[in-house]
Number of protein chains: 4
Amino acid sequence: MIGVFDHPCLAGLFADDDACRIWSAERQLQHMLSFEAAYSRALGTAGVVETDVAASAALLIEKFKPDLQQLRDGTARDGLPVPALVAQLKKAGGSLAPAIHAGATSQDVLDTALALTLRETTDLLVARLKTLATDLDSLNDAFGANPLMGRTRMQAAMPIRVSDRLTTWRAPLDAHCDRLMELRPHTEKLQLGGAAGDRKELEPFGDRVARALAAELDLAVSDFTWHAARDGIAAYASVLSLITGTLGKMGQDICLMAQQGLDEIRINGGGGSSAMPHKANPILAELLVTLARFNATQLSGIHQAQVHEQERSGSAWALEWMILPQMAVAAARSLGAGSSLCRNVTSMGGASN
Amino acid sequence: MIGVFDHPCLAGLFADDDACRIWSAERQLQHMLSFEAAYSRALGTAGVVETDVAASAALLIEKFKPDLQQLRDGTARDGLPVPALVAQLKKAGGSLAPAIHAGATSQDVLDTALALTLRETTDLLVARLKTLATDLDSLNDAFGANPLMGRTRMQAAMPIRVSDRLTTWRAPLDAHCDRLMELRPHTEKLQLGGAAGDRKELEPFGDRVARALAAELDLAVSDFTWHAARDGIAAYASVLSLITGTLGKMGQDICLMAQQGLDEIRINGGGGSSAMPHKANPILAELLVTLARFNATQLSGIHQAQVHEQERSGSAWALEWMILPQMAVAAARSLGAGSSLCRNVTSMGGASN
Amino acid sequence: MIGVFDHPCLAGLFADDDACRIWSAERQLQHMLSFEAAYSRALGTAGVVETDVAASAALLIEKFKPDLQQLRDGTARDGLPVPALVAQLKKAGGSLAPAIHAGATSQDVLDTALALTLRETTDLLVARLKTLATDLDSLNDAFGANPLMGRTRMQAAMPIRVSDRLTTWRAPLDAHCDRLMELRPHTEKLQLGGAAGDRKELEPFGDRVARALAAELDLAVSDFTWHAARDGIAAYASVLSLITGTLGKMGQDICLMAQQGLDEIRINGGGGSSAMPHKANPILAELLVTLARFNATQLSGIHQAQVHEQERSGSAWALEWMILPQMAVAAARSLGAGSSLCRNVTSMGGASN
Amino acid sequence: MIGVFDHPCLAGLFADDDACRIWSAERQLQHMLSFEAAYSRALGTAGVVETDVAASAALLIEKFKPDLQQLRDGTARDGLPVPALVAQLKKAGGSLAPAIHAGATSQDVLDTALALTLRETTDLLVARLKTLATDLDSLNDAFGANPLMGRTRMQAAMPIRVSDRLTTWRAPLDAHCDRLMELRPHTEKLQLGGAAGDRKELEPFGDRVARALAAELDLAVSDFTWHAARDGIAAYASVLSLITGTLGKMGQDICLMAQQGLDEIRINGGGGSSAMPHKANPILAELLVTLARFNATQLSGIHQAQVHEQERSGSAWALEWMILPQMAVAAARSLGAGSSLCRNVTSMGGASN
């Protein structure tokens, strides 16, 4: 339990149930099996194997329960779980084995499973962004007209309205939705390249299999494999950090507004202290700052991973695995915490300013 | 001469003449004066001051030669050069002073000047991306059909064609162009908020001045100020790092191809060694890797700067100044070096593989 | 299972059993209870409470089994698990409650528990560094005299010996041990400040309690609290990244040496491919590069967390929690993988060069 | 003028005269020539060439004025200025050429010059740390006894004394001095490896030349070359970021104390605004935060550069050149600004709290 998102205690603060489900090992494995089942069917559709063999293989794969310990041992040996999973599937498939994974490679499985995960992540984030926009609109309805001291360089500048501050928090949310939607075709796309990325093992059926497989999984299909071109992933991670950055600014502002002496916001349900029962700490506002700085840090690693040598870089690719899931959960948690925070606000600005 | 882009010797490797001109202090000052001149005119158009006074002020500003030492001293005192510049302008303007900068604030000047700089940067990068795409197409015409050993996890995998490798280098370039074009409205937009971002000092002429000013400068105008919402800047920086990332992958591949024992590429004009005259070092390919890792590092800082408290954060904003210009020059240099490198390739792949 | 170290499959590659045990939630909780028990005893020793009451409280705490779900809920509410834990302890303690946690604060518990964790981490890392040094010495004994092509800028330069390459891998290991030992007094030190860091609630017994508590836990005691001075933590994280950096260089070298065409190293037990059974991928060497780039990325976040405002920053502190455990496990895993790799080397350098 | 440290206006805020002089191109060139002159003398001392030839060569080198444009062109071609510089020297030296640079390589020159720069940097930083400690002691003498509201999680916690806050700012300064002193032998050491790092071209005089050269330059000498073991550099950069981190915490605290409504500090000479003449912005305090976040960002890049492949990585090494000088100047500026800030404080804490 090294990571805060998986930690029995700390997850109470950091984890996001919906996002953790999307990025769970169970769901990832489901996506990997979805790939393999759809791949078998696509081999049938494309005429590589007979359709009834393909269908039988697909059914078997869909119902398959992998041995997790073997997958873990396989990952220790091979650097990733796919060879062990495929071995399990082929063994279970017996005579169906030629309709299983033949012509595909590990990266096809993992990257396509990732594409399915990113689709669900985008669905979640877009919904959350819209919810937060509504929550901020409600705050604006309630408190927007109240006076607030505008502050620049952490010094009182000129009086503004609460709505001016809220506008800065809210305005980027629509842009983030747009960015996520623009990214869909760059990330929700099939990976199918085979051993060296050129689909050679599938020829002359490569394009046909790719199209059938993409249709099965409802993913975009591109004429080249993105095994080693990771700009889509890095662009996606950038948006995750843009989201947490916007929320981090909001969180920092709320922490500052909640200071005694400024008293520009009141929030229900602040966190307690083991030493000072009188305190109501702005836990969620602080969390937004933490998550923003976390994702801003992580983003660098994902961009480093763009230096992905040759047809597949084990080292650059594994760096994505270490970082991307955490960034996604952080972004979802940030939006969830942002909405919770808004709903607990009982006053903003006002006469005392 | 602390930075490599400004260094009398090292700039030979790192600097890019076109990008350095766009980001030079001289050009930045021109943009700041363009803002002030256009702002005076907009005050006239909007009816805040008389049009002939506005026109006279604008003419004076356009011809003004600032005292740089005073700007430097002013920056030491005020944290930015605008108050000192405005004081110089107002003093020179005499009775025209009320038509100069009245109702604007320093950030309006610097951020709008930045928008003008980013427009020129985008022009340059898009042109360079297209040039590089053409250069890679030429390599493909010349060598694309040659065999090449496909390599995964730094191990020989399966034979591919040179064109397969080239596709991975080239495919993201069009996406980068699209990304830069999509960013234009988010970055090439007027900043005009006044002291606390709400244009209050200009009321009831705020919107009119903003529209007139945006028209003068050919920038987009939004109904809210982005003083403290830096997602546009962070999104731009992300694309700069996507560009250098793509080139870094290409550079790393070329370094690997150029190894003795693999000999998959030949390049004219490799760099010399002070100890080994026989060597031809792949200097530009290495540079691409360096610039990719540099921008991936810097990107983190720009995303940290999204935590931009209240109506203006002196600390977060100054962090952008320290980092963004270097990222932009690195991206331009990367594309320039990438094209030079392509043009010096005399063979790729081939029988020896 | 968002993090690779906790993932049912991927942990096979990334996790390190010893380090994961040290950083497990169970062990952290034990350290927190060790603090609380020692603190009760120290209250007795210092004369704040009667010694037999103190002893009874300490015994109760040492045997206490916390309700984890309550700790999780408490963390969601308070931002950290200590208030909920203390509430459980005080409730269980009944009339002993005044001898429990009185005068201490949450950060005292968590930071001191961290100091205990870092002591165990240092023990592990120092042992691993020595083991790896021995492993590299064995490689040197076996293959050091073999010729190897020296390569600079990824080009063949001049022939060297295998021992020259090995020296560069090995030399920093002793320095890393020294660094870890020098850090002990900066990190293995008691945190005890109370609510606002000045031990006021304990006066006039503050120093006496601190000395007694430090003696119980065998930690250093300093006359000021480091609640908000995080340089010791940041310095520790720096050494974690120095370690993975040294190993990353070794891993990168091994990946390059293992290339077909260079064939400068042979390693048993390379990883398999789901598409290419003939391959023997240098999984562990790649992993070393991944872990180096991971820690170099993370280090930035820990250093950002030094901007720790006032007497306690919830946001900066939580950023440490998100990052530091992963860096420590990555460093331990890197050393373990490095030793495994060395022991699987069957040849280095040789006639073919 | 891409970097803020070299910018005609912005340098007023960011640059540090002493540090900029130490890291200037002129000073770097002097150190390079110092290396070459001392190297010629060492060749004489070690018996590689005749001592009077060595002495003549050294004298010529010491007086030599390099052609900067040629060095720039050479850097563009070779990736670094040394081959061009050596060519100039050898040409000027005529028959003395065999006593110039023979057996050394470019990296020997640049890394040893860097060692000389780091020595001067450490001298400066240690002096600045001591000055700042004295400045903080003065603040403590003046205001330490004043009451101040202790604040945790940005909420009022318990009253403390100004001296409690000051202790957290001051305590790490001595540790930073110690760290810098401990690093001296790791960074102020000769680099001499020749073409591939094994001094082969100098054999059997290698060690003798190294010792003589180290003595000339008053540097440590190690029995192995650190061409490719960059932990000393990365450790140094870590301390630079520890320093700016400590100051960033102090700057953040001061920004918060200076808020209207808290009014816990008064500072003379705050920066002006172009829109609000009444403001006194805490420019230097904000700058401390900026520099802390800047160095925390940069540190990641220096640690990435530890993955320095084989006997010399052009790409990893150049990444150090891009980043390290800026980090050093940022650290020096941070300390200088910190002292200025302290001296402008006219009150801290007090009755209003």
# chains A, B, ... in the order shown; residues from 1 in each chain; ligands from 1
>>> residues_around(residues="region 76-82 of chain B", least_positions_apart="6", cutoff="10 Å", atoms="only C-alpha atoms", output="count of residues only")
34
>>> interface_residues(of="chain B", to="chain C", cutoff="7 Å", atoms="only C-alpha atoms", output="number ranges by chain")
B: 153-156, 255, 259-262, 281
>>> write_last_selection(atoms="C-alpha atoms", output="PDB file, in the first residue's frame")
ATOM      1  CA  ARG B 153      13.104  -3.151 -26.005  1.00  0.00           C
ATOM      2  CA  MET B 154      16.445  -2.379 -27.658  1.00  0.00           C
ATOM      3  CA  GLN B 155      16.578  -5.873 -29.114  1.00  0.00           C
ATOM      4  CA  ALA B 156      16.337  -6.912 -32.749  1.00  0.00           C
ATOM      5  CA  CYS B 255      21.789   8.198 -32.325  1.00  0.00           C
ATOM      6  CA  GLN B 259      26.146   3.285 -33.789  1.00  0.00           C
ATOM      7  CA  GLN B 260      29.028   1.292 -35.214  1.00  0.00           C
ATOM      8  CA  GLY B 261      27.823  -2.274 -35.432  1.00  0.00           C
ATOM      9  CA  LEU B 262      24.349  -1.132 -36.438  1.00  0.00           C
ATOM     10  CA  ASN B 281      29.501  12.681 -33.628  1.00  0.00           C
TER      11      ASN B 281
END
>>> residues_around(residues="region 112-129 of chain D", least_positions_apart="6", cutoff="7 Å", atoms="only C-alpha atoms", output="list of chain:residue names")
D:Ile22, D:Trp23, D:Gln28, D:His31, D:Met32, D:Phe35, D:Leu173, D:Cys177, D:Leu180, D:Thr187, D:Glu188, D:Lys189, D:Leu190, D:Gln191, D:Ala332, D:Leu335, D:Gly336
>>> select_by_dssp(residues="region 168-327 of chain D", states="helix (DSSP H, G or I)", output="tab-separated table (two decimals) with C-alpha atoms, in the first residue's frame")
chain	number	residue	atom	x	y	z
D	168	THR	CA	12.11	27.73	11.11
D	169	TRP	CA	13.54	30.11	8.54
D	170	ARG	CA	16.98	30.20	10.09
D	171	ALA	CA	17.63	26.68	11.28
D	172	PRO	CA	18.23	25.10	7.86
D	173	LEU	CA	20.85	27.71	6.91
D	174	ASP	CA	23.62	26.11	8.95
D	175	ALA	CA	22.69	22.72	7.53
D	176	HIS	CA	22.97	24.15	4.02
D	177	CYS	CA	26.47	25.47	4.81
D	178	ASP	CA	27.44	22.04	6.08
D	179	ARG	CA	26.04	20.42	2.97
D	180	LEU	CA	27.98	22.74	0.70
D	181	MET	CA	31.19	22.06	2.61
D	182	GLU	CA	30.61	18.30	2.50
D	183	LEU	CA	30.14	18.54	-1.25
D	184	ARG	CA	33.45	20.29	-1.90
D	185	PRO	CA	35.50	17.12	-2.37
D	186	HIS	CA	32.76	15.65	-4.59
D	187	THR	CA	32.62	18.64	-6.92
D	200	LYS	CA	45.28	5.83	-21.90
D	201	GLU	CA	46.78	8.47	-24.19
D	202	LEU	CA	48.83	9.69	-21.24
D	206	GLY	CA	48.48	9.47	-16.43
D	207	ASP	CA	48.47	9.54	-12.65
D	208	ARG	CA	51.48	11.79	-12.49
D	209	VAL	CA	49.89	14.33	-14.84
D	210	ALA	CA	46.64	14.14	-12.91
D	211	ARG	CA	48.34	14.80	-9.60
D	212	ALA	CA	50.42	17.66	-10.97
D	213	LEU	CA	47.41	19.20	-12.67
D	214	ALA	CA	45.24	18.91	-9.57
D	215	ALA	CA	47.98	20.55	-7.53
D	216	GLU	CA	48.24	23.42	-10.02
D	217	LEU	CA	44.50	24.02	-9.84
D	231	ASP	CA	26.18	12.11	-8.93
D	232	GLY	CA	28.41	14.91	-7.66
D	233	ILE	CA	26.75	17.39	-10.00
D	234	ALA	CA	23.27	16.13	-9.17
D	235	ALA	CA	24.03	16.30	-5.44
D	236	TYR	CA	25.22	19.87	-5.86
D	237	ALA	CA	22.07	20.85	-7.73
D	238	SER	CA	20.03	19.26	-4.94
D	239	VAL	CA	21.61	21.59	-2.41
D	240	LEU	CA	20.95	24.58	-4.65
D	241	SER	CA	17.28	23.63	-4.57
D	242	LEU	CA	17.36	23.01	-0.82
D	243	ILE	CA	18.61	26.58	-0.39
D	244	THR	CA	15.95	28.14	-2.61
D	245	GLY	CA	13.37	25.91	-0.92
D	246	THR	CA	14.18	27.25	2.52
D	247	LEU	CA	14.03	30.79	1.20
D	248	GLY	CA	10.82	30.05	-0.68
D	249	LYS	CA	9.18	29.01	2.58
D	250	MET	CA	10.35	32.28	4.17
D	251	GLY	CA	9.10	34.27	1.16
D	252	GLN	CA	5.71	32.58	1.23
D	253	ASP	CA	5.38	33.26	4.95
D	254	ILE	CA	6.26	36.92	4.45
D	255	CYS	CA	3.71	37.29	1.64
D	256	LEU	CA	1.09	35.84	3.97
D	257	MET	CA	2.15	38.00	6.92
D	283	ILE	CA	8.20	41.90	-4.61
D	284	LEU	CA	11.22	40.24	-3.06
D	285	ALA	CA	9.14	37.86	-0.96
D	286	GLU	CA	7.27	36.77	-4.08
D	287	LEU	CA	10.57	36.40	-5.88
D	288	LEU	CA	11.75	33.94	-3.23
D	289	VAL	CA	8.73	31.75	-3.94
D	290	THR	CA	9.33	31.97	-7.68
D	291	LEU	CA	12.99	30.99	-7.36
D	292	ALA	CA	12.11	28.06	-5.09
D	293	ARG	CA	9.60	26.70	-7.58
D	294	PHE	CA	12.03	27.34	-10.42
D	295	ASN	CA	14.85	25.37	-8.85
D	296	ALA	CA	12.51	22.58	-7.73
D	297	THR	CA	11.49	22.29	-11.36
D	298	GLN	CA	15.02	22.40	-12.74
D	299	LEU	CA	16.35	19.85	-10.29
D	300	SER	CA	14.38	17.17	-12.07
D	301	GLY	CA	16.29	17.82	-15.29
D	302	ILE	CA	19.69	17.57	-13.61
D	303	HIS	CA	18.67	14.26	-12.06
D	304	GLN	CA	17.40	13.02	-15.43
D	314	GLY	CA	26.41	14.38	-25.41
D	315	SER	CA	22.70	14.66	-24.74
D	316	ALA	CA	22.74	14.21	-20.96
D	317	TRP	CA	25.77	16.45	-20.53
D	318	ALA	CA	24.29	19.31	-22.56
D	319	LEU	CA	21.19	19.13	-20.41
D	320	GLU	CA	23.37	20.02	-17.42
D	321	TRP	CA	24.72	23.05	-19.30
D	322	MET	CA	21.20	24.27	-19.94
D	323	ILE	CA	20.09	24.03	-16.35
D	324	LEU	CA	22.88	24.15	-13.76
D	325	PRO	CA	24.03	27.76	-14.28
D	326	GLN	CA	20.49	29.03	-13.90
D	327	MET	CA	20.01	27.04	-10.71
>>> atom_distance(atom1="CA of Gly338 (chain C)", atom2="CA of Asn140 (chain C)")
14.8 Å
>>> closest_residue(among="C:Ile160, C:Ala229, C:Leu59, C:Ala337", to="Ala99 (chain C)", atoms="only C-alpha atoms")
C:Leu59
>>> residues_around(residues="His227 (chain D)", least_positions_apart="2", cutoff="7 Å", atoms="only C-alpha atoms", output="compact mmCIF listing (two decimals) with N, CA and C atoms, in the first residue's frame")
# COMPACT_ATOMS: atom_id res chain seq x y z
N GLY D 197 38.14 8.23 -21.17
CA GLY D 197 38.00 8.25 -19.72
C GLY D 197 39.04 7.43 -18.98
N THR D 225 37.83 8.66 -13.29
CA THR D 225 37.25 9.86 -13.91
C THR D 225 35.75 9.83 -13.72
N ALA D 229 29.86 9.63 -14.40
CA ALA D 229 29.24 9.45 -13.07
C ALA D 229 28.91 10.83 -12.54
N GLU D 311 30.68 6.19 -22.09
CA GLU D 311 31.79 6.99 -21.55
C GLU D 311 31.54 8.51 -21.63
N ARG D 312 30.54 8.90 -22.38
CA ARG D 312 30.19 10.33 -22.44
C ARG D 312 28.88 10.46 -23.20
>>> select_by_dssp(residues="region 17-150 of chain B", states="strand (DSSP E or B)", output="NGL selection string")
:B and (147-150)
>>> write_last_selection(atoms="all heavy atoms", output="PDB file, in the first residue's frame")
ATOM      1  N   PRO B 147      15.315  -2.026 -46.309  1.00  0.00           N
ATOM      2  CA  PRO B 147      15.053  -2.822 -45.102  1.00  0.00           C
ATOM      3  C   PRO B 147      15.753  -2.224 -43.887  1.00  0.00           C
ATOM      4  O   PRO B 147      16.791  -1.573 -44.011  1.00  0.00           O
ATOM      5  CB  PRO B 147      15.652  -4.187 -45.438  1.00  0.00           C
ATOM      6  CG  PRO B 147      16.688  -3.915 -46.464  1.00  0.00           C
ATOM      7  CD  PRO B 147      16.208  -2.730 -47.254  1.00  0.00           C
ATOM      8  N   LEU B 148      15.158  -2.448 -42.746  1.00  0.00           N
ATOM      9  CA  LEU B 148      15.715  -1.979 -41.468  1.00  0.00           C
ATOM     10  C   LEU B 148      15.305  -3.012 -40.424  1.00  0.00           C
ATOM     11  O   LEU B 148      14.213  -3.564 -40.498  1.00  0.00           O
ATOM     12  CB  LEU B 148      15.104  -0.614 -41.122  1.00  0.00           C
ATOM     13  CG  LEU B 148      15.594   0.080 -39.850  1.00  0.00           C
ATOM     14  CD1 LEU B 148      17.011   0.630 -40.049  1.00  0.00           C
ATOM     15  CD2 LEU B 148      14.657   1.243 -39.480  1.00  0.00           C
ATOM     16  N   MET B 149      16.189  -3.263 -39.477  1.00  0.00           N
ATOM     17  CA  MET B 149      15.799  -4.188 -38.416  1.00  0.00           C
ATOM     18  C   MET B 149      14.869  -3.453 -37.442  1.00  0.00           C
ATOM     19  O   MET B 149      15.253  -2.424 -36.896  1.00  0.00           O
ATOM     20  CB  MET B 149      17.051  -4.683 -37.679  1.00  0.00           C
ATOM     21  CG  MET B 149      16.745  -5.626 -36.516  1.00  0.00           C
ATOM     22  SD  MET B 149      15.659  -7.034 -36.945  1.00  0.00           S
ATOM     23  CE  MET B 149      16.829  -8.057 -37.871  1.00  0.00           C
ATOM     24  N   GLY B 150      13.658  -3.967 -37.285  1.00  0.00           N
ATOM     25  CA  GLY B 150      12.778  -3.418 -36.262  1.00  0.00           C
ATOM     26  C   GLY B 150      13.304  -3.811 -34.898  1.00  0.00           C
ATOM     27  O   GLY B 150      13.730  -4.965 -34.706  1.00  0.00           O
TER      28      GLY B 150
END
